[in-house]
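Engineer: Take a look at structure26.txt, compact mmCIF, C-alpha atoms and all ligand atoms:
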# COMPACT_ATOMS: atom_id res chain seq x y z
CA MET A 1 74.84 7.53 -59.32
CA VAL A 2 76.75 10.32 -57.58
CA THR A 3 80.14 11.45 -58.82
CA ALA A 4 83.28 12.85 -57.24
CA LEU A 5 82.12 16.24 -58.47
CA ASP A 6 78.87 15.80 -56.53
CA GLY A 7 80.99 15.04 -53.47
CA MET A 8 82.92 18.25 -53.88
CA ALA A 9 79.74 20.27 -54.47
CA PHE A 10 78.18 18.68 -51.37
CA ALA A 11 81.20 19.44 -49.17
CA ALA A 12 81.50 23.02 -50.39
CA ALA A 13 77.77 23.73 -50.12
CA GLN A 14 77.47 22.28 -46.62
CA ALA A 15 80.58 24.08 -45.36
CA ALA A 16 79.13 27.35 -46.67
CA ARG A 17 75.76 26.51 -45.13
CA VAL A 18 77.21 25.80 -41.68
CA GLY A 19 79.39 28.92 -41.87
CA TRP A 20 76.39 31.06 -42.78
CA PHE A 21 74.01 29.75 -40.13
CA LEU A 22 76.64 29.71 -37.38
CA ALA A 23 77.48 33.32 -38.17
CA GLU A 24 73.78 34.15 -37.88
CA TYR A 25 73.62 32.18 -34.62
CA ARG A 26 76.49 34.22 -33.17
CA LEU A 27 74.96 37.49 -34.29
CA SER A 28 71.59 36.42 -32.86
CA ALA A 29 73.24 35.57 -29.53
CA ARG A 30 74.86 39.01 -29.49
CA MET A 31 71.52 40.68 -30.20
CA ALA A 32 69.92 38.61 -27.42
CA ARG A 33 72.52 39.62 -24.84
CA GLY A 34 70.84 40.61 -21.60
CA THR A 35 67.70 38.62 -22.43
CA MET A 36 69.24 35.16 -22.04
CA PRO A 37 69.76 33.64 -18.59
CA LYS A 38 73.35 32.97 -17.56
CA ALA A 39 74.56 29.68 -18.95
CA GLU A 40 76.04 28.21 -15.72
CA GLY A 41 74.53 24.84 -16.57
CA LEU A 42 76.69 24.77 -19.64
CA ALA A 43 79.91 24.55 -17.66
CA GLY A 44 79.78 20.77 -18.04
CA GLY A 45 78.00 20.96 -21.39
CA PRO A 46 79.42 20.59 -24.87
CA GLN A 47 81.99 23.16 -25.95
CA THR A 48 81.77 24.92 -29.31
CA ALA A 49 84.50 22.66 -30.71
CA ASP A 50 82.50 19.54 -29.70
CA ILE A 51 79.36 20.88 -31.40
CA LEU A 52 81.29 21.71 -34.55
CA ALA A 53 82.83 18.24 -34.60
CA ASP A 54 79.34 16.72 -34.21
CA LEU A 55 78.04 18.88 -37.06
CA ARG A 56 80.90 17.68 -39.25
CA ARG A 57 80.03 14.08 -38.36
CA LEU A 58 76.38 14.74 -39.26
CA PHE A 59 77.28 16.00 -42.75
CA ALA A 60 79.80 13.19 -43.28
CA ARG A 61 77.02 10.76 -42.49
CA ASP A 62 74.61 12.66 -44.76
CA TRP A 63 77.05 12.33 -47.64
CA ARG A 64 77.71 8.62 -46.99
CA ASN A 65 73.96 8.04 -47.16
CA VAL A 66 73.70 9.84 -50.48
CA ARG A 67 76.64 7.86 -51.83
CA ALA A 68 75.06 4.61 -50.61
CA GLY A 69 71.90 5.49 -52.55
CA PHE A 70 69.67 5.78 -49.44
CA TYR A 71 68.47 9.18 -50.67
CA ARG A 72 69.24 11.83 -53.23
CA LEU A 73 71.46 14.87 -52.91
CA PRO A 74 69.44 17.62 -51.18
CA HIS A 75 67.15 19.24 -53.76
CA ASP A 76 68.23 22.65 -52.46
CA LEU A 77 71.94 21.90 -52.21
CA LEU A 78 72.77 25.14 -53.97
CA PRO A 79 70.57 27.75 -52.30
CA ARG A 80 69.34 30.72 -54.27
CA PRO A 81 71.34 33.62 -52.78
CA GLY A 82 68.47 36.09 -53.23
CA ARG A 83 66.11 33.85 -51.28
CA LEU A 84 68.66 33.24 -48.52
CA LEU A 85 69.32 36.96 -48.13
CA ALA A 86 65.61 37.73 -48.06
CA ASP A 87 65.06 35.03 -45.39
CA SER A 88 67.95 36.42 -43.32
CA ARG A 89 66.59 39.94 -43.57
CA ARG A 90 63.16 38.82 -42.39
CA TYR A 91 64.71 36.70 -39.62
CA PHE A 92 66.77 39.60 -38.24
CA GLY A 93 63.85 41.97 -38.72
CA ASP A 94 61.76 39.76 -36.45
CA LEU A 95 64.46 38.98 -33.86
CA PRO A 96 63.93 42.12 -31.70
CA GLN A 97 60.34 40.96 -31.15
CA VAL A 98 61.56 37.51 -30.10
CA ASN A 99 64.06 39.10 -27.69
CA ARG A 100 61.43 41.46 -26.28
CA ARG A 101 59.22 38.44 -25.52
CA ARG A 102 62.12 36.59 -23.93
CA ARG A 103 63.05 39.60 -21.78
CA GLY A 104 59.52 39.75 -20.34
CA TRP A 105 59.02 35.97 -20.59
CA ARG A 106 55.90 36.66 -22.65
CA SER A 107 54.50 33.54 -24.17
CA ALA A 108 50.83 34.31 -24.74
CA GLU A 109 51.05 36.77 -27.63
CA VAL A 110 49.22 34.60 -30.08
CA SER A 111 46.75 37.00 -31.59
CA ALA A 112 45.64 35.10 -34.67
CA ASP A 113 42.34 33.26 -34.51
CA GLY A 114 43.00 30.07 -32.63
CA ALA A 115 39.38 28.95 -32.42
CA GLY A 116 39.12 25.20 -32.04
CA LEU A 117 42.82 24.75 -31.31
CA PRO A 118 43.97 23.31 -27.97
CA ASP A 119 45.18 25.73 -25.25
CA TYR A 120 48.62 24.10 -24.94
CA TYR A 121 49.19 24.97 -28.60
CA LEU A 122 48.24 28.65 -28.38
CA GLN A 123 51.59 29.86 -27.09
CA ASN A 124 54.72 31.49 -28.53
CA PHE A 125 56.92 28.41 -28.69
CA HIS A 126 60.59 29.57 -28.83
CA PHE A 127 59.06 33.07 -28.32
CA GLN A 128 58.35 33.08 -32.04
CA THR A 129 56.07 35.75 -33.40
CA ASP A 130 52.41 34.59 -33.63
CA GLY A 131 53.31 31.10 -32.37
CA TYR A 132 52.42 28.69 -35.17
CA LEU A 133 49.45 30.73 -36.25
CA SER A 134 50.43 33.09 -39.03
CA ASP A 135 51.87 33.17 -42.54
CA ARG A 136 54.68 35.29 -41.17
CA SER A 137 55.62 32.61 -38.62
CA ALA A 138 55.42 29.89 -41.30
CA GLY A 139 57.71 31.94 -43.56
CA LEU A 140 60.31 32.39 -40.81
CA TYR A 141 60.29 28.95 -39.25
CA ASP A 142 62.73 27.02 -41.47
CA HIS A 143 65.34 29.73 -41.22
CA GLN A 144 64.93 29.99 -37.43
CA VAL A 145 65.43 26.26 -37.01
CA GLU A 146 68.51 26.20 -39.20
CA VAL A 147 70.05 29.07 -37.21
CA LEU A 148 69.38 27.14 -33.99
CA PHE A 149 71.06 23.98 -35.33
CA GLY A 150 73.95 25.65 -37.16
CA GLY A 151 72.56 24.59 -40.55
CA GLY A 152 72.11 20.94 -39.51
CA ALA A 153 68.30 20.70 -39.22
CA ASP A 154 67.58 19.35 -42.70
CA ALA A 155 70.46 16.90 -42.47
CA MET A 156 68.98 15.55 -39.22
CA ARG A 157 65.57 15.19 -40.88
CA ARG A 158 67.10 13.29 -43.82
CA GLN A 159 68.36 10.55 -41.45
CA LEU A 160 64.80 9.16 -41.32
CA LEU A 161 65.20 8.24 -44.98
CA VAL A 162 67.74 5.54 -44.10
CA PRO A 163 65.40 3.21 -42.16
CA ILE A 164 62.70 4.00 -44.73
CA HIS A 165 65.06 2.85 -47.50
CA HIS A 166 65.64 -0.41 -45.63
CA MET A 167 61.92 -0.91 -44.94
CA LEU A 168 61.07 -0.52 -48.59
CA GLY A 169 63.61 -3.05 -49.77
CA ALA A 170 62.48 -4.10 -53.22
CA ARG A 171 58.86 -2.97 -52.66
CA PRO A 172 57.63 -0.30 -55.07
CA ALA A 173 57.13 2.98 -53.20
CA GLU A 174 53.66 3.56 -54.71
CA GLY A 175 52.28 0.73 -52.57
CA VAL A 176 53.58 2.17 -49.29
CA ARG A 177 51.51 4.77 -47.48
CA LEU A 178 53.40 7.19 -45.22
CA VAL A 179 51.94 9.62 -42.71
CA ASP A 180 54.11 12.45 -41.36
CA VAL A 181 52.62 13.65 -38.08
CA ALA A 182 53.34 17.36 -37.39
CA CYS A 183 54.79 17.86 -40.86
CA GLY A 184 55.26 21.60 -40.28
CA THR A 185 56.39 23.37 -43.44
CA GLY A 186 57.02 20.05 -45.20
CA ARG A 187 60.83 19.97 -45.15
CA PHE A 188 61.09 16.24 -44.40
CA LEU A 189 58.36 15.33 -46.89
CA SER A 190 60.18 17.29 -49.60
CA PHE A 191 63.30 15.13 -49.18
CA LEU A 192 61.19 12.00 -49.00
CA LYS A 193 59.27 12.82 -52.20
CA ASP A 194 62.47 13.81 -53.97
CA THR A 195 63.77 10.29 -53.36
CA HIS A 196 60.46 8.38 -53.59
CA PRO A 197 58.23 10.52 -55.84
CA MET A 198 55.55 7.85 -56.22
CA MET A 199 55.01 7.21 -52.51
CA PRO A 200 51.58 8.44 -51.35
CA VAL A 201 52.09 10.66 -48.33
CA THR A 202 49.86 12.46 -45.87
CA GLY A 203 51.16 15.39 -43.85
CA ILE A 204 49.26 16.24 -40.68
CA ASP A 205 49.65 19.44 -38.69
CA LEU A 206 47.56 21.74 -36.52
CA SER A 207 48.80 24.89 -38.25
CA ARG A 208 46.98 26.03 -41.38
CA PRO A 209 49.72 28.54 -42.35
CA TYR A 210 52.42 25.87 -41.96
CA LEU A 211 50.38 23.45 -44.07
CA ALA A 212 50.02 26.16 -46.72
CA GLU A 213 53.80 26.61 -46.73
CA ALA A 214 54.20 22.83 -47.01
CA GLY A 215 51.74 22.84 -49.92
CA ARG A 216 53.93 25.33 -51.81
CA LEU A 217 57.14 23.41 -51.14
CA LEU A 218 55.56 20.09 -52.12
CA SER A 219 53.77 21.40 -55.21
CA PRO A 220 56.21 19.71 -57.65
CA TRP A 221 55.05 16.27 -56.46
CA ARG A 222 51.79 14.36 -56.76
CA ARG A 223 50.20 11.99 -54.22
CA VAL A 224 50.57 14.48 -51.39
CA GLN A 225 47.71 15.08 -49.01
CA LEU A 226 47.93 17.74 -46.31
CA VAL A 227 45.42 17.70 -43.48
CA GLN A 228 44.84 19.99 -40.54
CA ALA A 229 44.43 17.75 -37.50
CA ALA A 230 45.85 16.99 -34.06
CA ALA A 231 48.41 14.25 -33.51
CA GLU A 232 46.36 13.05 -30.55
CA ARG A 233 43.26 12.66 -32.72
CA LEU A 234 44.37 11.51 -36.15
CA PRO A 235 41.57 11.50 -38.74
CA LEU A 236 42.82 8.21 -40.17
CA ALA A 237 41.45 4.68 -40.10
CA ASP A 238 42.98 1.96 -37.94
CA ALA A 239 45.87 0.12 -39.64
CA SER A 240 45.83 2.48 -42.63
CA ALA A 241 49.53 3.48 -42.71
CA ASP A 242 52.64 1.47 -43.52
CA ILE A 243 55.00 4.07 -42.11
CA VAL A 244 54.42 6.88 -39.63
CA THR A 245 57.08 9.56 -39.20
CA CYS A 246 57.23 12.24 -36.55
CA ILE A 247 59.90 14.93 -36.24
CA PHE A 248 60.44 17.51 -33.46
CA LEU A 249 56.88 17.26 -32.13
CA PHE A 250 56.98 15.43 -28.81
CA HIS A 251 59.09 18.01 -26.93
CA GLU A 252 56.29 20.54 -27.61
CA LEU A 253 53.46 18.45 -26.15
CA PRO A 254 52.25 18.15 -22.55
CA ARG A 255 52.81 14.65 -21.21
CA ASP A 256 49.23 13.39 -21.49
CA VAL A 257 48.91 14.70 -25.07
CA ARG A 258 52.29 13.15 -25.93
CA HIS A 259 51.07 9.77 -24.73
CA ARG A 260 47.76 10.07 -26.58
CA ALA A 261 49.66 10.97 -29.77
CA ALA A 262 51.82 7.84 -29.35
CA ALA A 263 48.65 5.74 -29.02
CA GLU A 264 47.23 7.30 -32.17
CA MET A 265 50.37 6.57 -34.16
CA ALA A 266 50.21 2.94 -33.03
CA ARG A 267 46.52 2.75 -33.93
CA VAL A 268 46.92 3.96 -37.51
CA LEU A 269 49.92 1.74 -38.27
CA ARG A 270 49.15 -1.60 -39.85
CA PRO A 271 50.66 -4.71 -38.22
CA GLY A 272 54.25 -4.89 -39.44
CA GLY A 273 54.24 -1.13 -40.05
CA GLN A 274 56.94 1.09 -38.59
CA LEU A 275 57.21 4.36 -36.73
CA VAL A 276 60.29 6.46 -37.46
CA PHE A 277 60.66 9.13 -34.82
CA LEU A 278 63.10 12.01 -34.36
CA ASP A 279 63.23 14.51 -31.54
CA SER A 280 65.63 16.21 -29.17
CA LEU A 281 68.14 14.21 -27.19
CA GLN A 282 66.96 13.38 -23.67
CA LEU A 283 68.91 13.47 -20.39
CA GLY A 284 71.54 10.76 -20.30
CA ASP A 285 71.49 10.06 -24.05
CA ARG A 286 74.76 11.88 -24.48
CA PRO A 287 75.78 13.01 -20.99
CA SER A 288 78.02 15.77 -22.38
CA TYR A 289 74.87 17.44 -23.78
CA ASP A 290 72.86 17.29 -20.51
CA GLY A 291 73.85 20.83 -19.48
CA LEU A 292 72.65 22.19 -22.82
CA LEU A 293 69.34 20.28 -22.54
CA GLU A 294 68.74 21.76 -19.08
CA TYR A 295 69.63 25.25 -20.33
CA PHE A 296 67.55 25.24 -23.52
CA PRO A 297 64.08 25.78 -21.97
CA ARG A 298 65.44 28.64 -19.86
CA ALA A 299 66.49 30.52 -23.00
CA PHE A 300 63.73 29.50 -25.43
CA PHE A 301 60.09 29.20 -24.43
CA GLU A 302 59.52 25.44 -24.47
CA PRO A 303 56.99 24.77 -21.72
CA TYR A 304 57.02 20.97 -21.99
CA TYR A 305 60.69 20.38 -22.75
CA GLU A 306 61.83 19.77 -19.16
CA ASP A 307 59.27 17.03 -18.86
CA TYR A 308 60.04 15.68 -22.34
CA ILE A 309 63.75 15.17 -21.61
CA ARG A 310 62.77 13.01 -18.63
CA ASP A 311 60.01 10.99 -20.29
CA ASP A 312 60.52 7.29 -21.01
CA LEU A 313 59.81 7.32 -24.74
CA ILE A 314 60.48 3.65 -25.32
CA GLY A 315 58.11 2.84 -22.45
CA VAL A 316 55.49 5.25 -23.82
CA PHE A 317 55.49 3.63 -27.26
CA ALA A 318 55.64 0.13 -25.72
CA GLY A 319 52.55 1.06 -23.70
CA ALA A 320 50.88 2.03 -26.98
CA GLY A 321 51.68 -1.40 -28.43
CA LEU A 322 54.82 -0.67 -30.46
CA ALA A 323 57.95 -2.78 -30.19
CA PHE A 324 61.24 -0.92 -29.90
CA ALA A 325 63.57 -1.74 -32.81
CA ALA A 326 66.48 0.73 -32.85
CA LEU A 327 67.97 3.89 -31.36
CA ASP A 328 70.52 6.18 -32.94
CA HIS A 329 71.89 9.57 -31.92
CA VAL A 330 71.88 12.16 -34.67
CA PHE A 331 73.69 15.37 -33.71
CA MET A 332 71.38 16.98 -31.09
CA SER A 333 68.51 14.58 -31.70
CA LYS A 334 67.65 10.93 -31.32
CA LEU A 335 66.20 8.68 -33.97
CA LEU A 336 63.95 5.90 -32.72
CA LEU A 337 62.46 3.06 -34.68
CA PHE A 338 59.42 1.04 -33.57
CA GLU A 339 57.44 -1.74 -35.18
CA LYS A 340 53.80 -2.67 -34.74
CA PRO A 341 53.70 -6.43 -34.05
C1 LIG B 401 58.91 22.12 -33.94
S1 LIG B 401 57.74 22.02 -35.23
C2 LIG B 401 58.29 20.60 -36.17
C3 LIG B 401 57.77 20.62 -37.58
C4 LIG B 401 58.40 19.65 -38.56
N1 LIG B 401 58.14 18.28 -38.23
C5 LIG B 401 59.87 19.89 -38.74
O1 LIG B 401 60.60 18.95 -39.04
O2 LIG B 401 60.30 21.04 -38.66
C6 LIG B 401 56.33 21.41 -34.41
C7 LIG B 401 55.16 21.27 -35.34
O3 LIG B 401 54.17 20.54 -34.65
C8 LIG B 401 52.91 21.12 -34.92
N2 LIG B 401 52.07 20.69 -33.78
C9 LIG B 401 52.18 21.04 -32.48
N3 LIG B 401 51.27 20.38 -31.73
C10 LIG B 401 50.59 19.59 -32.59
C11 LIG B 401 49.55 18.64 -32.44
N4 LIG B 401 49.01 18.38 -31.24
N5 LIG B 401 49.08 18.01 -33.53
C12 LIG B 401 49.60 18.26 -34.75
N6 LIG B 401 50.59 19.14 -34.97
C13 LIG B 401 51.09 19.79 -33.90
C14 LIG B 401 53.18 22.59 -35.03
O4 LIG B 401 52.15 23.27 -35.72
C15 LIG B 401 54.51 22.58 -35.78
O5 LIG B 401 54.32 22.58 -37.15
In structure tokens, how does this file's structure come out?
Ligand SMILES: C[S@@+](CC[C@H](N)C(=O)[O-])C[C@H]1O[C@@H](n2cnc3c(N)ncnc32)[C@H](O)[C@@H]1O

Structural biologist:
Amino acid sequence: MVTALDGMAFAAAQAARVGWFLAEYRLSARMARGTMPKAEGLAGGPQTADILADLRRLFARDWRNVRAGFYRLPHDLLPRPGRLLADSRRYFGDLPQVNRRRRGWRSAEVSADGAGLPDYYLQNFHFQTDGYLSDRSAGLYDHQVEVLFGGGADAMRRQLLVPIHHMLGARPAEGVRLVDVACGTGRFLSFLKDTHPMMPVTGIDLSRPYLAEAGRLLSPWRRVQLVQAAAERLPLADASADIVTCIFLFHELPRDVRHRAAAEMARVLRPGGQLVFLDSLQLGDRPSYDGLLEYFPRAFFEPYYEDYIRDDLIGVFAGAGLAFAALDHVFMSKLLLFEKP
């Protein structure tokens, strides 16, 4: 049961959060000056005021969901200032390296041992230091993503908890097995476990350091399994999952790998099971954002993004045997729901 006081705390905390991350975004853009291509494509794209209004809508929706009981107030609503400052210091300490890579369009500075990992993965996505292959990268990632989305990344991730709430209905969570493919540092799973502590969950990712970070974040909860594996070759039995989730993965995969990952998700779902999927908007989803979608991979190293924004996701999952159930736009991303017949 949330109270009016919770509502005030939520509004104040999220306003401070957005203010903080947008200020860091602006400072980052200033530091990146001269390394970013000119943003002509943005002439018809969303203006700052439109993005701010969309962010406000995202947090209004986040709060309505909390009030409706779909999920709990964010477990980190009140950030620890010392931690936030330390994260910011590390983020800005690393930024010159990111900008140096962007200036020279260097995307193959992944020095850590990538033995056994696929070539498409061994790159500096977003020009980030060490790609996905170091503790340092894992420690910076959450902050980098929040700066990119003006503080809205976690709120976008939480929107998956709404269809999951409806799927569960009166069923006890302990009987429902969820697999989060490309769980990264475990942000989504932390919100899920906070709301459904008894649900057994498996997080899959290719990055050992990111899985280690996820392990630390998820340490307060039991029934959490973290496994290093590829989305396109899931080490799970057929029909072994009730729910599969996948957040911000597909735009980082080459087309053939993307389609194989979709087939794997369909394979591991049981009949009647559901896939809850979140990733970037695609061209035409919200035409006012098209300019920004075209611009993004020219400013951030995202080698498969241009193809992703043109891929027919509903067709891809239909080809894998999943029936389309719902589509929703969530700030800069789209939430898709599929069911295995
Ligand atoms: C943009 S991050 C998204 C992480 C997380 N889902 C989130 O909400 O932030 C992409 C993640 O996908 C992982 N990844 C990339 N390719 C993968 C693959 N083929 N199989 C499994 N994980 C992969 C990366 O290691 C990284 O953690």

Engineer: Could you check the closest approach to ligand LIG 401 (chain B) for each of A:Arg136, A:His251, A:Arg223, A:Arg177 and tell me which residue wins, using only C-alpha atoms and all ligand atoms?

Structural biologist: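 Nearest to ligand LIG 401 (chain B): A:His251.
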
Engineer: Rank nothing, just name the residue among A:Asp256, A:Asp142, A:Asp242, A:Glu306 nearest to ligand LIG 401 (chain B), using all atoms listed in the file.

Structural biologist: A:Asp142

Engineer: Report the closest atom pair, with its distance in Å rounded to one decimal, for each residue of chain A that has an atom no farther than 9 Å from ligand LIG 401 (chain B); count only C-alpha atoms and all ligand atoms, sort by chain and then rising residue number, and write it as a tab-separated table.

Structural biologist:
residue	atom	partner	partner_atom	distance
A:Leu117	CA	B:LIG401	N4	8.9
A:Pro118	CA	B:LIG401	N4	7.8
A:Tyr120	CA	B:LIG401	N3	8.2
A:Tyr121	CA	B:LIG401	N3	5.9
A:Phe125	CA	B:LIG401	C1	8.4
A:Gly131	CA	B:LIG401	O4	8.6
A:Tyr132	CA	B:LIG401	O4	5.5
A:Leu133	CA	B:LIG401	O4	8.0
A:Ala138	CA	B:LIG401	O5	8.5
A:Tyr141	CA	B:LIG401	O2	7.9
A:Asp142	CA	B:LIG401	O2	7.0
A:Val145	CA	B:LIG401	O2	7.5
A:Ala153	CA	B:LIG401	O1	7.9
A:Asp154	CA	B:LIG401	O1	7.9
A:Arg157	CA	B:LIG401	O1	6.5
A:Asp180	CA	B:LIG401	N1	7.7
A:Val181	CA	B:LIG401	C12	6.4
A:Ala182	CA	B:LIG401	N6	4.1
A:Cys183	CA	B:LIG401	N1	4.3
A:Gly184	CA	B:LIG401	O5	3.4
A:Thr185	CA	B:LIG401	C4	6.5
A:Gly186	CA	B:LIG401	C4	6.8
A:Arg187	CA	B:LIG401	O1	6.2
A:Phe188	CA	B:LIG401	O1	6.0
A:Leu189	CA	B:LIG401	O1	8.9
A:Ile204	CA	B:LIG401	C12	6.3
A:Asp205	CA	B:LIG401	N6	3.8
A:Leu206	CA	B:LIG401	N6	4.3
A:Ser207	CA	B:LIG401	O4	4.5
A:Arg208	CA	B:LIG401	O4	8.1
A:Pro209	CA	B:LIG401	O4	8.8
A:Tyr210	CA	B:LIG401	O5	6.1
A:Leu211	CA	B:LIG401	O5	8.0
A:Gln228	CA	B:LIG401	C12	7.7
A:Ala229	CA	B:LIG401	C12	5.9
A:Ala230	CA	B:LIG401	N5	3.4
A:Ala231	CA	B:LIG401	N5	3.8
A:Glu232	CA	B:LIG401	N4	6.0
A:Arg233	CA	B:LIG401	N5	7.9
A:Leu234	CA	B:LIG401	N5	8.4
A:Thr245	CA	B:LIG401	N1	8.8
A:Cys246	CA	B:LIG401	N1	6.3
A:Ile247	CA	B:LIG401	N1	4.3
A:Phe248	CA	B:LIG401	C2	4.6
A:Leu249	CA	B:LIG401	C6	4.8
A:Phe250	CA	B:LIG401	N3	8.1
A:His251	CA	B:LIG401	C1	8.1
A:Glu252	CA	B:LIG401	C9	6.4
A:Leu253	CA	B:LIG401	N3	6.3
A:Val257	CA	B:LIG401	N4	7.2
A:Arg258	CA	B:LIG401	N4	8.1
A:Ala261	CA	B:LIG401	N4	7.6
A:Leu278	CA	B:LIG401	O1	8.7

Engineer: Residues near segment 160-164 of chain A, anyone? I mean within 10 Å using only C-alpha atoms, not counting same-chain ones fewer than 2 positions away, as a PyMOL selection string.

Structural biologist: chain A and resi 62+65-66+68-72+155-158+166-169+178+188+191-192+195-196+243+245-247+274-278+326+335-337

Engineer: Find the residues near Arg106 of chain A: any atom within 9 Å, counting all atoms listed in the file, skip ones fewer than 3 places away on the same chain, and give them as a ChimeraX atom specification.

Structural biologist: /A:100-103,109,124,127,301

Engineer: Please report the interatomic distance between atom CA of Ala320 of chain A and atom CA of His126 of chain A in Å with one decimal.

Structural biologist: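 Atom CA of His126 of chain A lies 29.3 Å from atom CA of Ala320 of chain A.
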
Engineer: When you draw a straight line from atom CA of Asp238 of chain A to atom CA of Glu339 of chain A, how long is it in Å?

Structural biologist: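 That distance, rounded to one decimal, is 15.2 Å.
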
Engineer: Could you pull out every residue with an atom within 8 Å of (78.8, 23.5, -40.9), file coordinates, counting all atoms listed in the file, and send them as a list in words?

Structural biologist: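 Every polymer residue passing the test: Gln14, Ala15, Ala16, Arg17, Val18, Gly19, Phe21, Leu22, Leu52, Leu55, Arg56, Phe59, Gly150, Gly151 and Gly152 of chain A.
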